[in-house]
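Below is one structure, written out as C-alpha cells; comments come after it.
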Amino acid sequence: MSSAARTLSEPQVLAHTKRRLFPADDESTAYAVADTQFSMEEWLPGQPVDAAVRDCLAPFNHVQIGGGYPDLVGVRTLESDLLAVERLGDEPPLIAIEAKGETSGGVDTQRGILQAYDRLHEVNAAYLAAPVAAISETDRTLARELNVGVLGVDSAGSVDPLEVPRVVGNRTTTEATALRFQASAQGVADASFGLNHPKNYLGYPLAHYAAGDTEALLSEYKVVSAVDSARQGAEFLGLIDDGVGVEGVDLTSLGEEVVRFATARYGTVEAALEEFENWYRSVKRFVDLAPAWGQLARRVLFDYEATELLVRELQCMYEDGIAEPSLVDVVVYLHELHPSFTVELFVRGTDGVRSRVLTTDGELRPSTLEDGSVYHSPTVFQLKAMLYHTGILTERGAEPSRLEPLEDVWALREPV
C-alpha cells in the first residue's frame with residue numbers, strides 16, 4: 001500500500017477515468033455503468049460526493065464479473081494508447097476498471113490490481129485507476145506480470161496510461177452479456193423503439209430496397225411518417241445496418257429475408273408496400289389483421305435478444321403458478337435471475353432513477369417499482385405493444401406517464 005500524498009477520492013478517480021475511457025461525446029454504441037455503491041451521497045463519513053461526480057458516473061448497476069463487482073464496467077473500442085491491441089474480433093472489448101482513492105489508510109493500489117486481475121476471467125481488459133502519485137514501480141511491475149492496465153489520475157483530471165494491457169479472450173457470462181447488449185445496436189440505454197407497431201419496422205427495409213427515396217416511399221404508401229424512428233427501430237431489430245451502404249443503410253440477412261417474403265407473396269416490394277395502406281391507423285392486433293405478416297413480425301421480434309429472455313422467463317413464471325404477473329412481479333422475478341440485464345432493460349438510467357430503485361448493494365427497493373416513471377418507455381410501452389401485436393403477450397404496453405405497474409399484466413397469450 002502506498003503512502004504517497006494524494007488529493008483524490010475514489011469517486012473522483014473513477015469519474016475522471018470514465019471521462020477518459022468513455023467520453024460523453026462518443027457517438028458510437030459504447031456503454032458503461034458504475035457500481036451502485038457510487039450512487040451514495042457520502043463516500044466516507046463527512047466526505048460528500050459532489051453531484052457532478054455522481055452525474056458523470058451514472059447510470060449505475062451492480063454487475064458481477066469474476067469474483068466481485070467492478071467499480072466501472074463497459075464496452076467500447078478504446079484508443080490505441082490504452083490497449084496493446086486495438087480490438088478483439090469484430091466486437092469492441094468488454095472493460096473493467098477498479099478505482100482506488102485516498103482513505104485514512106492510504107491508497108490500496110495492490111488490492112486494486114488484484115481485483116482487476118480477477119475480472120480478467122470474464123472481460124477483455126482490466127485496469128487499476130489511482131492517483132498517479134500513489135502508483136509505485138512495484139505496482140507497475142505487478143500489473144505487468146498480471147496483464148492489468150494502470151491508469152494514473154491527477155487532481156486536474158488528466159488520466160495517463162502507465163501500463164497498457166493486452167486484450168484477452170474470455171468466457172461470456174449472463175451479467176457481462178447485459179453490458180454487451182446495451183452497447184450493441186439493440187440496447188435500450190437511451191433510445192430504441194420510438195414506434196409501437198411492428199409494421200413500421202417491416203416497411204423500412206422494403207422501402208429501402210424499392211426504387212426511389214426511402215422517406216418518400218414510406219409516406220406514399222402510408223407506412224409511417226416518423227421515418228427516423230422507423231429506421232432506428234429497424235436497426236434495433238436487426239433488419240438494417242446503419243452507417244453503410246446506399247443512403248447510409250444496408251440490409252442485414254434478416255432484412256433481406258423480409259424482402260424475399262414480400263416478393264414471394266406479391267411479386268414486387270412495391271406491390272407489398274401497397275398492402276400497408278390497408279393497415280393504416282388500424283388498432284386491431286396485427287397478427288389477427290394480417291396473419292402472415294404478423295407471424296413474420298413475430299419471427300423478427302424473436303430474434304431480438306430481450307424478447308427471448310422475456311418469453312422464457314414468463315413461461316417459467318407460468319409454470320410456477322404466476323399466470324398473469326404484473327410488471328412489478330416480472331421485474332422482481334427477473335432481477336433474481338438476471339439482475340444486470342433486468343435493470344438495463346426495464347429501469348431508466350437517467351434523472352437519478354437507479355439511485356432510487358437500487359440500494360448501494362444493487363438490491364431492488366420494491367416499493368419504487370410501483371411508480372411508472374422509473375421504467376424505460378421503449379420496453380414497457382413500445383416493445384410490449386409489439387409483443388402484443390405479434391401474439392406473444394395478452395395486453396398492450398402503456399406510456400410511463402399512464403402506467404400502473406401493479407395492474408400492468410405481462411402474460412403469455414399462448415403459454416406451453
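Residues are referred to by chain and number: the chain letter is A, B, ... according to the order shown in the C-alpha cells, the number counts from 1 in that chain, and ligands are numbered separately from 1 in the order shown.
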Mind running stretch 78-145 of chain A against stretch 59-65 of chain A at 10 Å and telling me each contacting residue's nearest atom pair with the distance in Å (one decimal), counting only C-alpha atoms, chain and number ascending, as a tab-separated table?
```
residue	atom	partner	partner_atom	distance
A:Ala96	CA	A:Ile65	CA	8.5
A:Ala116	CA	A:Ile65	CA	10.0
A:Asp118	CA	A:Ile65	CA	8.3
A:Arg119	CA	A:Ile65	CA	5.7
A:Leu120	CA	A:Ile65	CA	8.6
A:His121	CA	A:Ile65	CA	8.0
A:Glu122	CA	A:Ile65	CA	6.3
A:Val123	CA	A:Ile65	CA	7.8
```
Selected residues written out with N, CA, C and O atoms, as a PDB file, in the first residue's frame:
```pdb
ATOM      1  N   ALA A  96     -13.156  -3.609 -17.597  1.00  0.00           N
ATOM      2  CA  ALA A  96     -13.454  -3.421 -16.177  1.00  0.00           C
ATOM      3  C   ALA A  96     -12.396  -2.518 -15.562  1.00  0.00           C
ATOM      4  O   ALA A  96     -11.209  -2.640 -15.879  1.00  0.00           O
ATOM      5  N   ALA A 116      -8.629  -6.164 -10.247  1.00  0.00           N
ATOM      6  CA  ALA A 116      -8.714  -6.061 -11.695  1.00  0.00           C
ATOM      7  C   ALA A 116      -8.315  -7.372 -12.362  1.00  0.00           C
ATOM      8  O   ALA A 116      -8.934  -7.806 -13.349  1.00  0.00           O
ATOM      9  N   ASP A 118      -8.701 -10.340 -11.180  1.00  0.00           N
ATOM     10  CA  ASP A 118      -9.819 -11.273 -11.022  1.00  0.00           C
ATOM     11  C   ASP A 118     -10.856 -11.084 -12.122  1.00  0.00           C
ATOM     12  O   ASP A 118     -11.469 -12.050 -12.581  1.00  0.00           O
ATOM     13  N   ARG A 119     -11.055  -9.865 -12.564  1.00  0.00           N
ATOM     14  CA  ARG A 119     -12.064  -9.591 -13.597  1.00  0.00           C
ATOM     15  C   ARG A 119     -11.664 -10.136 -14.965  1.00  0.00           C
ATOM     16  O   ARG A 119     -12.515 -10.303 -15.836  1.00  0.00           O
ATOM     17  N   LEU A 120     -10.379 -10.404 -15.174  1.00  0.00           N
ATOM     18  CA  LEU A 120      -9.910 -10.868 -16.479  1.00  0.00           C
ATOM     19  C   LEU A 120     -10.452 -12.232 -16.868  1.00  0.00           C
ATOM     20  O   LEU A 120     -10.308 -12.648 -18.012  1.00  0.00           O
ATOM     21  N   HIS A 121     -11.072 -12.930 -15.923  1.00  0.00           N
ATOM     22  CA  HIS A 121     -11.702 -14.204 -16.273  1.00  0.00           C
ATOM     23  C   HIS A 121     -12.903 -13.984 -17.195  1.00  0.00           C
ATOM     24  O   HIS A 121     -13.310 -14.894 -17.915  1.00  0.00           O
ATOM     25  N   GLU A 122     -13.483 -12.781 -17.143  1.00  0.00           N
ATOM     26  CA  GLU A 122     -14.728 -12.558 -17.891  1.00  0.00           C
ATOM     27  C   GLU A 122     -14.739 -11.268 -18.713  1.00  0.00           C
ATOM     28  O   GLU A 122     -15.755 -10.950 -19.320  1.00  0.00           O
ATOM     29  N   VAL A 123     -13.641 -10.515 -18.721  1.00  0.00           N
ATOM     30  CA  VAL A 123     -13.571  -9.307 -19.542  1.00  0.00           C
ATOM     31  C   VAL A 123     -12.365  -9.400 -20.464  1.00  0.00           C
ATOM     32  O   VAL A 123     -11.518 -10.284 -20.328  1.00  0.00           O
TER      33      VAL A 123
END
```
Checklist entry - Near A:Thr307, counting only C-alpha atoms, which residues have an atom at most 10 Å away, once you skip same-chain residues fewer than 3 positions from it, shown as an MDAnalysis selection string? => result chainID A and resid 298 301:304 310:312 383:384 387 392
Can you spit out the residues from that selection as a short mmCIF file (atom, residue, chain, number, x, y, z; two decimals), in the first residue's frame, using N, CA, C and O atoms?
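See out_39.cif below for the written result:
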```
data_model
loop_
_atom_site.label_atom_id
_atom_site.label_comp_id
_atom_site.auth_asym_id
_atom_site.auth_seq_id
_atom_site.Cartn_x
_atom_site.Cartn_y
_atom_site.Cartn_z
N ARG A 298 -43.39 -11.63 -35.80
CA ARG A 298 -43.06 -12.41 -34.60
C ARG A 298 -41.69 -13.05 -34.73
O ARG A 298 -40.90 -13.06 -33.79
N LEU A 301 -39.14 -10.27 -34.29
CA LEU A 301 -39.09 -9.81 -32.90
C LEU A 301 -38.43 -10.84 -32.01
O LEU A 301 -37.75 -10.49 -31.03
N PHE A 302 -38.58 -12.11 -32.33
CA PHE A 302 -37.98 -13.15 -31.51
C PHE A 302 -36.47 -13.20 -31.70
O PHE A 302 -35.75 -13.78 -30.89
N ASP A 303 -35.99 -12.59 -32.77
CA ASP A 303 -34.55 -12.52 -32.98
C ASP A 303 -33.91 -11.44 -32.11
O ASP A 303 -32.69 -11.36 -32.01
N TYR A 304 -34.75 -10.61 -31.49
CA TYR A 304 -34.29 -9.56 -30.58
C TYR A 304 -34.01 -10.21 -29.24
O TYR A 304 -34.86 -10.90 -28.66
N LEU A 310 -37.41 -12.58 -22.13
CA LEU A 310 -38.71 -12.31 -21.52
C LEU A 310 -39.65 -13.50 -21.67
O LEU A 310 -40.30 -13.92 -20.70
N VAL A 311 -39.75 -14.05 -22.87
CA VAL A 311 -40.67 -15.15 -23.10
C VAL A 311 -40.27 -16.38 -22.29
O VAL A 311 -41.12 -17.05 -21.69
N ARG A 312 -38.98 -16.66 -22.25
CA ARG A 312 -38.52 -17.83 -21.49
C ARG A 312 -38.87 -17.70 -20.02
O ARG A 312 -39.38 -18.64 -19.40
N LEU A 383 -41.96 -1.87 -26.88
CA LEU A 383 -41.66 -3.30 -27.02
C LEU A 383 -42.85 -4.14 -26.61
O LEU A 383 -43.22 -5.10 -27.30
N LYS A 384 -43.49 -3.79 -25.50
CA LYS A 384 -44.64 -4.58 -25.06
C LYS A 384 -45.77 -4.52 -26.08
O LYS A 384 -46.46 -5.52 -26.33
N LEU A 387 -44.96 -6.92 -28.74
CA LEU A 387 -45.19 -8.29 -28.27
C LEU A 387 -46.68 -8.63 -28.29
O LEU A 387 -47.06 -9.78 -28.53
N ILE A 392 -47.66 -12.50 -28.81
CA ILE A 392 -46.87 -13.09 -27.73
C ILE A 392 -47.48 -12.79 -26.37
O ILE A 392 -47.60 -13.67 -25.52
#
```
Checklist outcome for this item: note - atom CA of A:Leu146 and atom CA of A:Val107 are separated by 19.4 Å
Checklist entry - Which residues, written as a list in words, have at least one atom at most 10 Å from A:Asp250, with only C-alpha atoms counted and residues fewer than 6 positions away on the same chain left out? => result Pro205, His208, Tyr209, Glu235, Leu239, Ile240, Asp241, Asp242, Gly243, Val244 and Glu256 of chain A
Would you save the residues from that selection as a PDB file, in the first residue's frame, using N, CA, C and O atoms?
```pdb
ATOM      1  N   PRO A 205     -37.185  -1.801 -44.482  1.00  0.00           N
ATOM      2  CA  PRO A 205     -36.315  -2.479 -45.452  1.00  0.00           C
ATOM      3  C   PRO A 205     -36.964  -2.612 -46.824  1.00  0.00           C
ATOM      4  O   PRO A 205     -36.263  -2.602 -47.842  1.00  0.00           O
ATOM      5  N   HIS A 208     -36.591   0.772 -48.467  1.00  0.00           N
ATOM      6  CA  HIS A 208     -35.171   0.968 -48.787  1.00  0.00           C
ATOM      7  C   HIS A 208     -34.798   0.175 -50.036  1.00  0.00           C
ATOM      8  O   HIS A 208     -34.035   0.666 -50.893  1.00  0.00           O
ATOM      9  N   TYR A 209     -35.325  -1.024 -50.166  1.00  0.00           N
ATOM     10  CA  TYR A 209     -35.000  -1.883 -51.304  1.00  0.00           C
ATOM     11  C   TYR A 209     -35.684  -1.412 -52.585  1.00  0.00           C
ATOM     12  O   TYR A 209     -35.129  -1.550 -53.677  1.00  0.00           O
ATOM     13  N   GLU A 235     -33.139  -0.908 -37.209  1.00  0.00           N
ATOM     14  CA  GLU A 235     -31.769  -1.260 -36.827  1.00  0.00           C
ATOM     15  C   GLU A 235     -31.761  -2.058 -35.534  1.00  0.00           C
ATOM     16  O   GLU A 235     -31.051  -3.061 -35.410  1.00  0.00           O
ATOM     17  N   LEU A 239     -32.771  -5.525 -38.770  1.00  0.00           N
ATOM     18  CA  LEU A 239     -33.185  -5.577 -40.171  1.00  0.00           C
ATOM     19  C   LEU A 239     -32.242  -4.804 -41.082  1.00  0.00           C
ATOM     20  O   LEU A 239     -32.150  -5.101 -42.277  1.00  0.00           O
ATOM     21  N   ILE A 240     -31.571  -3.800 -40.548  1.00  0.00           N
ATOM     22  CA  ILE A 240     -30.641  -2.993 -41.320  1.00  0.00           C
ATOM     23  C   ILE A 240     -29.381  -2.737 -40.511  1.00  0.00           C
ATOM     24  O   ILE A 240     -29.388  -2.821 -39.281  1.00  0.00           O
ATOM     25  N   ASP A 241     -28.305  -2.430 -41.217  1.00  0.00           N
ATOM     26  CA  ASP A 241     -27.083  -1.919 -40.612  1.00  0.00           C
ATOM     27  C   ASP A 241     -27.004  -0.453 -40.970  1.00  0.00           C
ATOM     28  O   ASP A 241     -27.007  -0.092 -42.154  1.00  0.00           O
ATOM     29  N   ASP A 242     -26.944   0.395 -39.965  1.00  0.00           N
ATOM     30  CA  ASP A 242     -26.893   1.834 -40.208  1.00  0.00           C
ATOM     31  C   ASP A 242     -25.460   2.279 -40.446  1.00  0.00           C
ATOM     32  O   ASP A 242     -24.525   1.688 -39.932  1.00  0.00           O
ATOM     33  N   GLY A 243     -25.310   3.325 -41.244  1.00  0.00           N
ATOM     34  CA  GLY A 243     -23.993   3.907 -41.471  1.00  0.00           C
ATOM     35  C   GLY A 243     -23.227   3.308 -42.625  1.00  0.00           C
ATOM     36  O   GLY A 243     -22.089   3.676 -42.877  1.00  0.00           O
ATOM     37  N   VAL A 244     -23.827   2.374 -43.359  1.00  0.00           N
ATOM     38  CA  VAL A 244     -23.156   1.762 -44.505  1.00  0.00           C
ATOM     39  C   VAL A 244     -24.138   1.677 -45.653  1.00  0.00           C
ATOM     40  O   VAL A 244     -25.332   1.892 -45.513  1.00  0.00           O
ATOM     41  N   GLU A 256     -33.041  -8.849 -45.577  1.00  0.00           N
ATOM     42  CA  GLU A 256     -33.194  -9.455 -46.904  1.00  0.00           C
ATOM     43  C   GLU A 256     -34.289 -10.515 -46.897  1.00  0.00           C
ATOM     44  O   GLU A 256     -35.010 -10.689 -47.887  1.00  0.00           O
TER      45      GLU A 256
END
```
Item to check | Residue neighbourhood A:Leu83, 12 Å, only C-alpha atoms, exclusion window fewer than 6 positions, as a list in words | outcome: Leu21, Arg76, Thr77, Pro92, Pro93, Ile95, Asn124, Ala125, Ala126, Tyr127, Asn147, Val148, Gly149, Val150, Leu151, Pro161, Leu162, Glu163, Val164, Pro165, Arg166, Val167 and Val168 of chain A
Within 12 Å of stretch 37-58 of chain A, which residues of stretch 314-416 of chain A show up? Give each one with its shortest atom-to-atom distance in Å (one decimal) and the two atoms involved, counting only C-alpha atoms, rows by chain then rising residue number, as CSV.
```
residue,atom,partner,partner_atom,distance
A:Arg348,CA,A:Ala58,CA,10.7
A:Gly349,CA,A:Ala58,CA,7.0
A:Thr350,CA,A:Ala58,CA,7.5
A:Asp351,CA,A:Asp55,CA,8.7
A:Gly352,CA,A:Ala58,CA,7.8
A:Val353,CA,A:Ala58,CA,9.8
A:Arg354,CA,A:Ser39,CA,8.4
A:Ser355,CA,A:Ser39,CA,5.8
A:Arg356,CA,A:Ser39,CA,9.4
A:Val357,CA,A:Ser39,CA,11.0
A:Leu358,CA,A:Ser39,CA,9.2
A:Thr359,CA,A:Gln37,CA,7.9
A:Thr360,CA,A:Gln37,CA,4.3
A:Asp361,CA,A:Gln37,CA,6.3
A:Gly362,CA,A:Gln37,CA,7.9
A:Glu363,CA,A:Gln37,CA,11.0
```
Mind writing the picked residues with N, CA and C atoms as a PDB file, in the first residue's frame?
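Result written to out29.pdb:
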```
ATOM      1  N   ARG A 348     -34.939   3.049 -16.125  1.00  0.00           N
ATOM      2  CA  ARG A 348     -34.273   4.187 -16.734  1.00  0.00           C
ATOM      3  C   ARG A 348     -32.933   4.469 -16.063  1.00  0.00           C
ATOM      4  N   GLY A 349     -31.969   4.920 -16.871  1.00  0.00           N
ATOM      5  CA  GLY A 349     -30.659   5.238 -16.337  1.00  0.00           C
ATOM      6  C   GLY A 349     -30.436   6.724 -16.158  1.00  0.00           C
ATOM      7  N   THR A 350     -31.496   7.528 -16.245  1.00  0.00           N
ATOM      8  CA  THR A 350     -31.381   8.979 -16.167  1.00  0.00           C
ATOM      9  C   THR A 350     -32.126   9.532 -14.952  1.00  0.00           C
ATOM     10  N   ASP A 351     -31.846  10.804 -14.661  1.00  0.00           N
ATOM     11  CA  ASP A 351     -32.564  11.555 -13.623  1.00  0.00           C
ATOM     12  C   ASP A 351     -32.507  10.897 -12.241  1.00  0.00           C
ATOM     13  N   GLY A 352     -31.438  10.192 -11.950  1.00  0.00           N
ATOM     14  CA  GLY A 352     -31.279   9.590 -10.635  1.00  0.00           C
ATOM     15  C   GLY A 352     -32.216   8.445 -10.336  1.00  0.00           C
ATOM     16  N   VAL A 353     -32.860   7.893 -11.386  1.00  0.00           N
ATOM     17  CA  VAL A 353     -33.848   6.824 -11.163  1.00  0.00           C
ATOM     18  C   VAL A 353     -33.219   5.595 -10.528  1.00  0.00           C
ATOM     19  N   ARG A 354     -32.073   5.176 -11.020  1.00  0.00           N
ATOM     20  CA  ARG A 354     -31.478   3.938 -10.488  1.00  0.00           C
ATOM     21  C   ARG A 354     -31.027   4.094  -9.042  1.00  0.00           C
ATOM     22  N   SER A 355     -30.675   5.307  -8.655  1.00  0.00           N
ATOM     23  CA  SER A 355     -30.336   5.535  -7.253  1.00  0.00           C
ATOM     24  C   SER A 355     -31.553   5.341  -6.365  1.00  0.00           C
ATOM     25  N   ARG A 356     -32.745   5.603  -6.906  1.00  0.00           N
ATOM     26  CA  ARG A 356     -33.982   5.381  -6.156  1.00  0.00           C
ATOM     27  C   ARG A 356     -34.365   3.914  -6.145  1.00  0.00           C
ATOM     28  N   VAL A 357     -34.190   3.239  -7.262  1.00  0.00           N
ATOM     29  CA  VAL A 357     -34.667   1.859  -7.413  1.00  0.00           C
ATOM     30  C   VAL A 357     -33.724   0.849  -6.774  1.00  0.00           C
ATOM     31  N   LEU A 358     -32.413   1.123  -6.803  1.00  0.00           N
ATOM     32  CA  LEU A 358     -31.418   0.169  -6.317  1.00  0.00           C
ATOM     33  C   LEU A 358     -30.734   0.677  -5.054  1.00  0.00           C
ATOM     34  N   THR A 359     -30.482  -0.225  -4.132  1.00  0.00           N
ATOM     35  CA  THR A 359     -29.661   0.115  -2.975  1.00  0.00           C
ATOM     36  C   THR A 359     -28.205   0.180  -3.411  1.00  0.00           C
ATOM     37  N   THR A 360     -27.324   0.635  -2.521  1.00  0.00           N
ATOM     38  CA  THR A 360     -25.907   0.687  -2.854  1.00  0.00           C
ATOM     39  C   THR A 360     -25.309  -0.703  -3.034  1.00  0.00           C
ATOM     40  N   ASP A 361     -26.017  -1.735  -2.585  1.00  0.00           N
ATOM     41  CA  ASP A 361     -25.575  -3.119  -2.789  1.00  0.00           C
ATOM     42  C   ASP A 361     -26.218  -3.747  -4.021  1.00  0.00           C
ATOM     43  N   GLY A 362     -26.960  -2.951  -4.796  1.00  0.00           N
ATOM     44  CA  GLY A 362     -27.559  -3.462  -6.019  1.00  0.00           C
ATOM     45  C   GLY A 362     -28.866  -4.196  -5.833  1.00  0.00           C
ATOM     46  N   GLU A 363     -29.458  -4.139  -4.634  1.00  0.00           N
ATOM     47  CA  GLU A 363     -30.744  -4.788  -4.394  1.00  0.00           C
ATOM     48  C   GLU A 363     -31.886  -3.844  -4.797  1.00  0.00           C
TER      49      GLU A 363
END
```
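The closest residue to A:Ala32, picked from A:Leu314, A:Leu309, A:Val75, A:Val259 and counting only C-alpha atoms, is A:Val75.
Closest approach to A:Val132 among A:Ala207, A:Leu8, A:Leu237, A:Val224 is made by A:Leu8 (distances from only C-alpha atoms).
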Item to check | For atom CA of A:Leu327 and atom CA of A:Leu369, the interatomic separation in Å (one decimal) | outcome: 8.5 Å
Next on the checklist: With only C-alpha atoms as the counted atoms, please give the residues lying no more than 10 Å from stretch 194-198 of chain A, apart from itself and same-chain residues fewer than 4 positions off, as a PyMOL selection string.
Outcome noted: chain A and resi 202-203+224+226+228-234+237+281-283+285-286+293-294+296-298+300-301+377-378+381-390+396-397
Write a file of the just-selected residues containing N, CA, C and O atoms, as a compact mmCIF listing (two decimals), in the first residue's frame.
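Contents of result-v8.txt, as written:
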```txt
# COMPACT_ATOMS: atom_id res chain seq x y z
N LEU A 202 -41.07 -3.31 -40.36
CA LEU A 202 -41.01 -4.20 -41.52
C LEU A 202 -41.03 -3.40 -42.81
O LEU A 202 -40.42 -3.79 -43.82
N GLY A 203 -41.74 -2.27 -42.81
CA GLY A 203 -41.85 -1.47 -44.02
C GLY A 203 -40.55 -0.79 -44.41
O GLY A 203 -40.33 -0.50 -45.59
N VAL A 224 -45.42 4.85 -42.60
CA VAL A 224 -45.11 5.58 -41.38
C VAL A 224 -44.57 6.96 -41.75
O VAL A 224 -43.88 7.11 -42.77
N ALA A 226 -42.99 8.91 -39.26
CA ALA A 226 -41.81 9.10 -38.39
C ALA A 226 -40.67 8.23 -38.93
O ALA A 226 -40.35 7.16 -38.39
N ASP A 228 -37.35 8.59 -39.11
CA ASP A 228 -36.16 8.37 -38.27
C ASP A 228 -36.41 7.28 -37.23
O ASP A 228 -35.55 6.44 -36.97
N SER A 229 -37.60 7.29 -36.62
CA SER A 229 -37.93 6.27 -35.64
C SER A 229 -38.05 4.90 -36.28
O SER A 229 -37.65 3.89 -35.70
N ALA A 230 -38.61 4.86 -37.50
CA ALA A 230 -38.73 3.59 -38.21
C ALA A 230 -37.35 3.03 -38.54
O ALA A 230 -37.09 1.83 -38.40
N ARG A 231 -36.47 3.92 -38.97
CA ARG A 231 -35.11 3.49 -39.30
C ARG A 231 -34.39 3.00 -38.05
O ARG A 231 -33.72 1.96 -38.07
N GLN A 232 -34.52 3.73 -36.96
CA GLN A 232 -33.87 3.34 -35.71
C GLN A 232 -34.38 2.00 -35.22
O GLN A 232 -33.61 1.12 -34.81
N GLY A 233 -35.71 1.80 -35.25
CA GLY A 233 -36.28 0.54 -34.80
C GLY A 233 -35.90 -0.62 -35.70
O GLY A 233 -35.67 -1.74 -35.22
N ALA A 234 -35.80 -0.37 -37.01
CA ALA A 234 -35.38 -1.42 -37.93
C ALA A 234 -33.96 -1.86 -37.62
O ALA A 234 -33.62 -3.04 -37.73
N LEU A 237 -33.98 -3.99 -34.42
CA LEU A 237 -34.49 -5.34 -34.68
C LEU A 237 -33.58 -6.14 -35.61
O LEU A 237 -33.89 -7.28 -35.94
N ARG A 281 -53.39 3.13 -39.53
CA ARG A 281 -54.11 3.53 -38.32
C ARG A 281 -55.04 2.46 -37.76
O ARG A 281 -55.94 2.75 -36.98
N SER A 282 -54.85 1.22 -38.15
CA SER A 282 -55.65 0.13 -37.59
C SER A 282 -55.19 -0.16 -36.17
O SER A 282 -53.99 -0.19 -35.88
N VAL A 283 -56.13 -0.37 -35.25
CA VAL A 283 -55.80 -0.68 -33.86
C VAL A 283 -55.93 -2.18 -33.58
O VAL A 283 -55.66 -2.63 -32.47
N ARG A 285 -55.14 -6.12 -33.44
CA ARG A 285 -53.90 -6.86 -33.25
C ARG A 285 -53.36 -7.30 -34.62
O ARG A 285 -54.08 -7.88 -35.43
N PHE A 286 -52.09 -7.01 -34.88
CA PHE A 286 -51.52 -7.20 -36.21
C PHE A 286 -51.57 -8.65 -36.67
O PHE A 286 -51.86 -8.95 -37.82
N TRP A 293 -48.11 -11.68 -42.16
CA TRP A 293 -47.21 -10.61 -41.79
C TRP A 293 -46.98 -10.58 -40.28
O TRP A 293 -45.86 -10.31 -39.81
N GLY A 294 -48.01 -10.88 -39.53
CA GLY A 294 -47.87 -10.92 -38.08
C GLY A 294 -46.90 -12.00 -37.64
O GLY A 294 -46.11 -11.80 -36.71
N LEU A 296 -44.47 -13.15 -39.52
CA LEU A 296 -43.15 -12.67 -39.91
C LEU A 296 -42.60 -11.71 -38.86
O LEU A 296 -41.44 -11.79 -38.46
N ALA A 297 -43.45 -10.78 -38.41
CA ALA A 297 -43.04 -9.83 -37.38
C ALA A 297 -42.65 -10.57 -36.10
O ALA A 297 -41.70 -10.18 -35.41
N ARG A 298 -43.39 -11.63 -35.80
CA ARG A 298 -43.06 -12.41 -34.60
C ARG A 298 -41.69 -13.05 -34.73
O ARG A 298 -40.90 -13.06 -33.79
N VAL A 300 -39.19 -11.92 -36.55
CA VAL A 300 -38.20 -10.85 -36.44
C VAL A 300 -38.03 -10.43 -34.98
O VAL A 300 -36.91 -10.26 -34.50
N LEU A 301 -39.14 -10.27 -34.29
CA LEU A 301 -39.09 -9.81 -32.90
C LEU A 301 -38.43 -10.84 -32.01
O LEU A 301 -37.75 -10.49 -31.03
N SER A 377 -39.53 3.64 -21.29
CA SER A 377 -40.66 3.63 -22.21
C SER A 377 -40.46 2.66 -23.37
O SER A 377 -41.39 1.94 -23.74
N PRO A 378 -39.25 2.58 -23.98
CA PRO A 378 -39.07 1.64 -25.10
C PRO A 378 -39.38 0.19 -24.75
O PRO A 378 -39.75 -0.59 -25.62
N PHE A 381 -43.63 0.27 -23.06
CA PHE A 381 -44.64 0.77 -24.00
C PHE A 381 -44.44 0.17 -25.38
O PHE A 381 -45.21 -0.68 -25.83
N GLN A 382 -43.36 0.58 -26.07
CA GLN A 382 -43.20 0.16 -27.47
C GLN A 382 -42.92 -1.34 -27.63
O GLN A 382 -43.57 -2.01 -28.43
N LEU A 383 -41.96 -1.87 -26.88
CA LEU A 383 -41.66 -3.30 -27.02
C LEU A 383 -42.85 -4.14 -26.61
O LEU A 383 -43.22 -5.10 -27.30
N LYS A 384 -43.49 -3.79 -25.50
CA LYS A 384 -44.64 -4.58 -25.06
C LYS A 384 -45.77 -4.52 -26.08
O LYS A 384 -46.46 -5.52 -26.33
N ALA A 385 -45.99 -3.34 -26.68
CA ALA A 385 -47.04 -3.23 -27.71
C ALA A 385 -46.74 -4.15 -28.88
O ALA A 385 -47.65 -4.78 -29.44
N MET A 386 -45.48 -4.24 -29.27
CA MET A 386 -45.12 -5.14 -30.38
C MET A 386 -45.27 -6.61 -29.99
O MET A 386 -45.65 -7.44 -30.81
N LEU A 387 -44.96 -6.92 -28.74
CA LEU A 387 -45.19 -8.29 -28.27
C LEU A 387 -46.68 -8.63 -28.29
O LEU A 387 -47.06 -9.78 -28.53
N TYR A 388 -47.51 -7.63 -28.05
CA TYR A 388 -48.96 -7.82 -28.15
C TYR A 388 -49.36 -8.02 -29.62
O TYR A 388 -50.10 -8.96 -29.95
N HIS A 389 -48.91 -7.16 -30.50
CA HIS A 389 -49.30 -7.22 -31.91
C HIS A 389 -48.85 -8.51 -32.59
O HIS A 389 -49.50 -8.97 -33.54
N THR A 390 -47.77 -9.10 -32.13
CA THR A 390 -47.28 -10.33 -32.74
C THR A 390 -47.83 -11.57 -32.05
O THR A 390 -47.41 -12.69 -32.36
N ARG A 396 -51.45 -4.80 -24.38
CA ARG A 396 -50.56 -3.78 -24.94
C ARG A 396 -49.70 -3.16 -23.85
O ARG A 396 -49.92 -3.37 -22.66
N GLY A 397 -48.75 -2.31 -24.29
CA GLY A 397 -47.95 -1.54 -23.36
C GLY A 397 -48.60 -0.20 -23.07
O GLY A 397 -49.61 0.17 -23.68
```
Item to check | Residue contacts of A:Val159 (7 Å, only C-alpha atoms) excluding same-chain residues fewer than 3 positions away, as JSON, numbers by chain | outcome: {"A": [16, 17, 20, 151, 152, 153, 154]}
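Within 10 Å of stretch 271-277 of chain A, once only C-alpha atoms are used and residues closer than 3 positions along the same chain are dropped, the contacting residues are Lys199, Asn200, Leu202, Gly203, Tyr204, Leu206, Ala207, Ala210, Leu217, Leu218, Glu220, Tyr221, Lys222, Val223, Val224, Val259, Phe261, Ala262, Thr263, Ala264, Arg265, Tyr266, Gly267, Thr268, Tyr280, Arg281, Ser282 and Ala290 of chain A.
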